[in-house]
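Reproduced below: entry_27.cif, with mmCIF, C-alpha atoms and all ligand atoms.
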```cif
data_model
loop_
_atom_site.label_atom_id
_atom_site.label_comp_id
_atom_site.auth_asym_id
_atom_site.auth_seq_id
_atom_site.Cartn_x
_atom_site.Cartn_y
_atom_site.Cartn_z
CA MET A 383 -37.30 27.01 33.27
CA PHE A 384 -38.33 28.03 29.78
CA ALA A 385 -36.84 24.94 28.11
CA PRO A 386 -39.50 22.47 29.38
CA ALA A 387 -42.28 24.92 28.43
CA ALA A 388 -40.77 25.36 24.95
CA ARG A 389 -40.47 21.57 24.56
CA LEU A 390 -44.08 21.13 25.65
CA ALA A 391 -45.24 23.84 23.24
CA SER A 392 -43.35 22.31 20.31
CA LYS A 393 -44.75 18.84 21.21
CA ARG A 394 -48.28 20.28 21.26
CA LEU A 395 -47.64 21.99 17.92
CA LEU A 396 -46.48 18.70 16.43
CA GLU A 397 -49.61 16.94 17.73
CA ILE A 398 -51.85 19.65 16.27
CA ARG A 399 -50.07 19.36 12.88
CA GLN A 400 -50.53 15.57 12.93
CA LEU A 401 -54.21 15.90 13.78
CA PHE A 402 -54.64 18.47 11.00
CA ARG A 403 -52.92 16.15 8.46
CA GLN A 404 -55.09 13.21 9.58
CA SER A 405 -58.29 15.23 9.22
CA GLN A 406 -57.24 16.28 5.69
CA GLN A 407 -56.61 12.63 4.78
CA THR A 408 -59.96 11.61 6.26
CA SER A 409 -61.86 14.25 4.32
CA ARG A 410 -59.97 13.28 1.12
CA SER A 411 -60.84 9.60 1.52
CA PHE A 412 -64.43 10.54 2.44
CA SER A 413 -64.87 12.50 -0.79
CA THR A 414 -63.19 9.66 -2.72
CA ALA A 415 -65.74 7.28 -1.21
CA LEU A 416 -68.55 9.62 -2.20
CA ASN A 417 -67.22 9.94 -5.74
CA TYR A 418 -66.83 6.21 -5.89
CA HIS A 419 -70.49 5.86 -4.89
CA ILE A 420 -71.76 8.32 -7.47
CA ASP A 421 -69.59 7.23 -10.39
CA SER A 422 -69.36 3.53 -9.71
CA PRO A 423 -71.35 0.90 -11.61
CA ASP A 424 -73.12 0.30 -8.28
CA ASN A 425 -75.05 3.52 -8.86
CA ASN A 426 -77.39 1.69 -11.16
CA PRO A 427 -80.99 0.83 -10.27
CA GLU A 428 -80.86 -2.24 -12.58
CA ILE A 429 -78.25 -4.04 -10.47
CA PRO A 430 -79.83 -6.65 -8.21
CA TRP A 431 -78.85 -6.44 -4.56
CA GLU A 432 -79.41 -8.60 -1.51
CA PHE A 433 -78.20 -9.05 2.03
CA SER A 434 -75.35 -11.49 2.66
CA ASP A 435 -76.42 -14.79 4.29
CA VAL A 436 -75.28 -13.59 7.72
CA ASN A 437 -77.12 -10.30 7.31
CA LYS A 438 -80.27 -12.08 6.07
CA GLU A 439 -80.41 -13.70 9.51
CA LYS A 440 -79.80 -10.33 11.18
CA ALA A 441 -82.53 -8.75 9.01
CA LYS A 442 -84.98 -11.46 10.10
CA GLU A 443 -84.07 -10.79 13.71
CA ILE A 444 -84.56 -7.01 13.24
CA MET A 445 -87.96 -7.59 11.59
CA SER A 446 -89.05 -9.82 14.49
CA HIS A 447 -88.94 -6.77 16.79
CA TYR A 448 -91.79 -5.09 14.90
CA PRO A 449 -95.48 -6.00 15.04
CA SER A 450 -96.88 -7.62 11.89
CA ASN A 451 -98.74 -4.47 10.76
CA TYR A 452 -95.72 -2.15 11.29
CA LYS A 453 -92.91 -4.11 9.62
CA GLN A 454 -92.16 -1.09 7.40
CA SER A 455 -90.86 0.71 10.51
CA ALA A 456 -87.78 -1.52 10.26
CA VAL A 457 -86.61 0.41 7.20
CA ILE A 458 -83.99 2.53 9.03
CA PRO A 459 -82.27 -0.36 10.90
CA LEU A 460 -82.34 -2.41 7.67
CA LEU A 461 -80.75 0.40 5.67
CA ASP A 462 -78.22 0.73 8.48
CA LEU A 463 -77.46 -2.99 8.15
CA ALA A 464 -77.06 -2.60 4.38
CA GLN A 465 -74.70 0.30 4.99
CA GLN A 466 -72.63 -1.83 7.39
CA GLN A 467 -72.48 -4.54 4.72
CA HIS A 468 -70.80 -2.02 2.40
CA GLY A 469 -68.33 -0.69 4.96
CA GLY A 470 -70.10 2.57 5.71
CA TRP A 471 -71.97 3.62 2.57
CA LEU A 472 -75.29 2.69 1.03
CA PRO A 473 -75.38 1.69 -2.64
CA VAL A 474 -78.34 2.77 -4.72
CA SER A 475 -78.94 -0.90 -5.56
CA ALA A 476 -79.66 -1.56 -1.87
CA MET A 477 -82.13 1.33 -1.76
CA ASN A 478 -83.74 0.05 -4.93
CA ALA A 479 -84.27 -3.35 -3.34
CA VAL A 480 -87.50 -1.93 -1.85
CA GLY A 481 -89.03 -1.93 -5.40
CA LYS A 482 -88.99 0.53 -8.32
CA HIS A 483 -92.43 1.86 -7.48
CA HIS A 484 -93.44 1.96 -3.84
CA LEU A 485 -97.21 2.44 -3.71
CA LEU A 486 -98.47 4.04 -0.53
CA VAL A 487 -102.17 3.86 0.26
CA CYS A 488 -103.45 6.50 2.66
CA GLY A 489 -105.21 4.68 5.51
CA THR A 490 -106.36 7.63 7.65
CA SER A 491 -110.05 8.22 8.45
CA PRO A 492 -111.23 10.36 5.46
CA CYS A 493 -109.55 8.03 2.95
CA MET A 494 -110.70 4.97 4.88
CA ILE A 495 -114.31 6.19 4.85
CA ARG A 496 -113.97 6.77 1.09
CA GLY A 497 -112.74 3.22 0.43
CA SER A 498 -108.97 3.04 0.99
CA ARG A 499 -109.26 -0.60 2.15
CA GLU A 500 -110.76 -1.58 -1.19
CA ILE A 501 -107.98 0.38 -2.93
CA GLU A 502 -105.30 -1.51 -1.04
CA GLU A 503 -107.06 -4.84 -1.62
CA ALA A 504 -107.24 -4.16 -5.36
CA LEU A 505 -103.50 -3.37 -5.48
CA LEU A 506 -102.47 -6.40 -3.40
CA ASN A 507 -104.70 -8.76 -5.42
CA HIS A 508 -103.54 -7.36 -8.73
CA LEU A 509 -99.84 -7.53 -7.82
CA GLY A 510 -100.11 -10.84 -5.92
CA VAL A 511 -98.24 -9.56 -2.85
CA LYS A 512 -98.91 -8.88 0.80
CA ARG A 513 -98.45 -5.42 2.27
CA ASN A 514 -94.75 -4.39 2.22
CA GLU A 515 -93.74 -7.30 0.00
CA VAL A 516 -91.95 -6.64 -3.30
CA THR A 517 -93.31 -8.23 -6.49
CA LYS A 518 -91.10 -10.97 -7.97
CA ASP A 519 -90.01 -8.71 -10.83
CA GLY A 520 -88.87 -6.07 -8.29
CA MET A 521 -91.21 -3.49 -9.82
CA PHE A 522 -93.76 -2.79 -7.09
CA SER A 523 -94.33 -2.83 -3.37
CA VAL A 524 -97.41 -1.66 -1.49
CA GLY A 525 -97.40 0.07 1.89
CA GLU A 526 -99.69 2.20 4.00
CA MET A 527 -99.24 5.84 4.99
CA GLU A 528 -101.07 8.14 7.31
CA CYS A 529 -102.84 11.29 6.05
CA MET A 530 -100.91 12.85 3.16
CA GLY A 531 -102.90 16.08 3.18
CA CYS A 532 -105.25 15.33 0.27
CA CYS A 533 -108.35 14.42 2.30
CA VAL A 534 -110.53 16.63 0.08
CA ASN A 535 -109.68 14.26 -2.79
CA ALA A 536 -109.92 11.02 -0.78
CA PRO A 537 -109.15 8.24 -1.33
CA MET A 538 -105.61 8.73 -2.58
CA ILE A 539 -102.33 6.94 -3.08
CA ALA A 540 -98.78 8.24 -3.38
CA VAL A 541 -96.19 6.58 -5.58
CA ALA A 542 -92.51 6.83 -4.71
CA ASP A 543 -90.99 6.30 -8.16
CA TYR A 544 -87.39 5.05 -8.20
CA SER A 545 -87.55 3.80 -11.79
CA ASN A 546 -85.12 6.49 -12.98
CA GLY A 547 -82.58 5.99 -10.21
CA SER A 548 -81.93 8.32 -7.32
CA GLU A 549 -81.40 11.37 -9.59
CA GLY A 550 -84.74 10.94 -11.36
CA TYR A 551 -86.72 10.09 -8.23
CA THR A 552 -90.27 11.48 -8.09
CA TYR A 553 -93.05 11.28 -5.54
CA ASN A 554 -96.52 11.59 -7.05
CA TYR A 555 -100.05 11.80 -5.67
CA TYR A 556 -103.00 10.12 -7.40
CA GLU A 557 -106.29 11.29 -5.93
CA ASP A 558 -109.99 10.33 -6.13
CA VAL A 559 -108.87 6.84 -7.08
CA THR A 560 -111.07 3.77 -7.47
CA PRO A 561 -110.01 0.09 -7.31
CA LYS A 562 -110.20 -0.02 -11.12
CA ARG A 563 -108.20 3.18 -11.58
CA VAL A 564 -105.31 2.15 -9.29
CA VAL A 565 -104.86 -1.03 -11.33
CA GLU A 566 -104.77 1.08 -14.50
CA ILE A 567 -102.17 3.37 -12.88
CA VAL A 568 -100.01 0.36 -11.96
CA GLU A 569 -100.16 -0.97 -15.50
CA MET A 570 -99.27 2.45 -16.95
CA LEU A 571 -96.24 2.61 -14.62
CA ARG A 572 -95.24 -0.91 -15.64
CA ARG A 573 -95.26 0.19 -19.29
CA GLY A 574 -93.04 3.16 -18.39
CA GLU A 575 -95.86 5.67 -18.96
CA LYS A 576 -96.55 8.65 -16.74
CA PRO A 577 -100.14 8.58 -15.46
CA PRO A 578 -101.52 12.09 -14.93
CA VAL A 579 -101.12 13.09 -11.29
CA GLY A 580 -103.78 14.72 -9.10
CA THR A 581 -107.48 13.94 -9.24
CA GLN A 582 -108.42 10.90 -11.32
CA ASN A 583 -112.05 12.02 -11.45
CA PRO A 584 -112.58 13.67 -14.86
CA ARG A 585 -115.54 15.64 -13.45
CA ARG A 586 -113.35 17.50 -10.96
CA ILE A 587 -110.79 20.24 -11.46
CA ARG A 588 -108.08 19.78 -8.85
CA SER A 589 -109.95 19.80 -5.53
CA GLY A 590 -112.99 21.72 -6.80
CA PRO A 591 -116.46 20.19 -6.46
CA GLU A 592 -117.56 17.55 -8.97
CA GLY A 593 -119.61 19.23 -11.72
CA GLY A 594 -118.41 22.74 -10.83
CA ASN A 595 -119.23 25.27 -8.13
CA THR A 596 -122.76 25.52 -6.73
CA THR A 597 -122.00 28.48 -4.45
CA LEU A 598 -119.69 31.48 -4.63
CA LEU A 599 -120.48 31.83 -8.32
CA SER A 600 -119.79 35.55 -8.76
CA GLU A 601 -116.59 37.51 -8.43
CA PRO A 602 -116.04 38.24 -4.73
CA ASN A 603 -116.43 41.85 -3.63
CA PRO A 604 -113.12 43.34 -2.58
CA PRO A 605 -112.87 44.16 1.13
CA PRO A 606 -113.72 47.79 1.98
CA CYS A 607 -110.61 49.90 2.25
CA ARG A 608 -110.22 53.07 4.24
CA ASP A 609 -109.57 56.11 2.10
CA LEU A 610 -106.46 57.43 3.75
CA ASP A 611 -106.77 60.78 1.90
CA ALA A 612 -110.28 61.47 3.15
S1 LIG B 1 -106.89 11.10 5.08
FE1 LIG B 1 -106.00 10.47 3.23
S2 LIG B 1 -105.04 12.25 2.57
FE2 LIG B 1 -105.86 12.84 4.45
#
```
Written as structure tokens, that's how I'd like the structure from this file.
Ligand code: FES
Amino acid sequence: MFAPAARLASKRLLEIRQLFRQSQQTSRSFSTALNYHIDSPDNNPEIPWEFSDVNKEKAKEIMSHYPSNYKQSAVIPLLDLAQQQHGGWLPVSAMNAVGKHHLLVCGTSPCMIRGSREIEEALLNHLGVKRNEVTKDGMFSVGEMECMGCCVNAPMIAVADYSNGSEGYTYNYYEDVTPKRVVEIVEMLRRGEKPPVGTQNPRRIRSGPEGGNTTLLSEPNPPPCRDLDA
């Protein structure tokens, strides 16, 4: 009576051991794949990358599901497609295919009232692209974002900067911009310079009023405190 139970137990033990061995192999090959990704020559933002011909067709089909003014929402399925193309991992070159500097113009009400449409127009005209297109040299793309929390310094743009690869990635805000200033910022980025972030209005300090404070000029009185010893 105990023999079948013992056989069953030893069979189960064998299965568990096999599963354990398999999981160790899987985790080893997973970390090898990760190391391969990090150390491989593919981890180089200079390497051009594109979809295979079959996937170009699939990408077109994916894009067709999105309305013309929200094509950027296809980014996740497109990255998923790129990942499938590489057998389950996403090379940095594929991520870089969106452009080294992705310029995001805030299009929400305060920035719009303060001229964000003119800002976007200046960028698109200067770079010779439509929204969400990448310039021929792969340096810039322009997109739109909703409020990025800088309404007090509207209008503003954010620049996702991939020019130093994934390790050196930065995300910078340029505030109080004008059509002329955004073109200057683009040209500074093209030359590899670092435009000063924050307000671009020399008469403002951070988000303080232009020309300095007109109210609250003296040191504030501290709040009255109860004397606990009294
Ligand atoms: S509306 Fe543009 S930052 Fe808030």
Which one of A:Gly580, A:Pro430, A:Pro492, A:Gly550 sits closest to ligand LIG 1 (chain B) if you count all atoms listed in the file? A:Pro492
Quick one: which chain A residues come within 7 Å of ligand LIG 1 (chain B), and what is the nearest atom pair for each with the distance in Å to one decimal, counting all atoms listed in the file, rows ordered by chain and ascending number, as a tab-separated table?
```
residue	atom	partner	partner_atom	distance
A:Cys488	CA	B:LIG1	FE1	4.8
A:Gly489	CA	B:LIG1	FE1	6.3
A:Thr490	CA	B:LIG1	S1	4.4
A:Ser491	CA	B:LIG1	S1	5.4
A:Pro492	CA	B:LIG1	S1	4.4
A:Cys493	CA	B:LIG1	FE1	4.3
A:Glu528	CA	B:LIG1	FE1	6.8
A:Cys529	CA	B:LIG1	FE2	3.8
A:Met530	CA	B:LIG1	S2	4.2
A:Gly531	CA	B:LIG1	S2	4.4
A:Cys532	CA	B:LIG1	S2	3.8
A:Cys533	CA	B:LIG1	FE2	3.6
A:Ala536	CA	B:LIG1	FE1	5.6
A:Pro537	CA	B:LIG1	FE1	6.0
A:Met538	CA	B:LIG1	FE1	6.1
```
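When all atoms listed in the file are used to compute distances to Ile501 of chain A, the closest of the residues A:Pro584, A:Pro561, A:Pro577, A:Gly520 turns out to be A:Pro561.
Atom CA of Tyr555 of chain A sits 4.4 Å away from atom CA of Ala540 of chain A.
Picture a line from atom CA of Ile539 of chain A to atom CA of Lys518 of chain A; it runs 21.7 Å.
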The distance between atom CA of Lys576 of chain A and atom CA of Phe522 of chain A is 15.2 Å
Give the answer as one residue: which of A:Asn535, A:Asn507, A:Ser523, A:Ser545 has the shortest atom-to-atom distance to Lys562 of chain A, using only C-alpha atoms? A:Asn507
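Ranking A:Asp543, A:Glu592, A:Asp609, A:Glu557 by their shortest atom-to-atom distance to Pro578 of chain A, with only C-alpha atoms included, puts A:Glu557 first.
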Quick one: of A:Ile567, A:Val436, A:Val534, A:Leu509, who's nearest to Pro591 of chain A, counting only C-alpha atoms? A:Val534
Name the residues in contact with Val524 of chain A at a cut-off of 6 Å, using only C-alpha atoms, excluding same-chain residues fewer than 5 positions from it; report them as an MDAnalysis selection string. chainID A and resid 484:486 513:514
Expected file contents, prior selection, C-alpha atoms, as a tab-separated table (two decimals), keeping the file's coordinate frame:
```tsv
chain	number	residue	atom	x	y	z
A	484	HIS	CA	-93.44	1.96	-3.84
A	485	LEU	CA	-97.21	2.44	-3.71
A	486	LEU	CA	-98.47	4.04	-0.53
A	513	ARG	CA	-98.45	-5.42	2.27
A	514	ASN	CA	-94.75	-4.39	2.22
```
Identify, on the basis of all atoms listed in the file, every residue whose closest approach to Ile458 of chain A does not exceed 12 Å; exclude the query and any residue fewer than 4 positions from it along the same chain; express the result as a ChimeraX atom specification. /A:441,444-445,453-454,462-465,472,477
Pick out the residues sitting within 12 Å of Gly593 of chain A, and hand them over as number ranges by chain; count all atoms listed in the file, and ignore anything fewer than 5 positions along from it in its own chain. A: 583-588
Name the residues, using the chain letters and numbers of the file, that sit within 12 Å of (-79.0, -6.2, 2.1) when counting all atoms listed in the file, and give them as a ChimeraX atom specification. /A:430-442,457,459-468,472-480
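Nearest residue to Arg563 of chain A, choosing from A:Val487, A:Ala504, A:Met494, A:Ile429 and counting only C-alpha atoms: A:Ala504.
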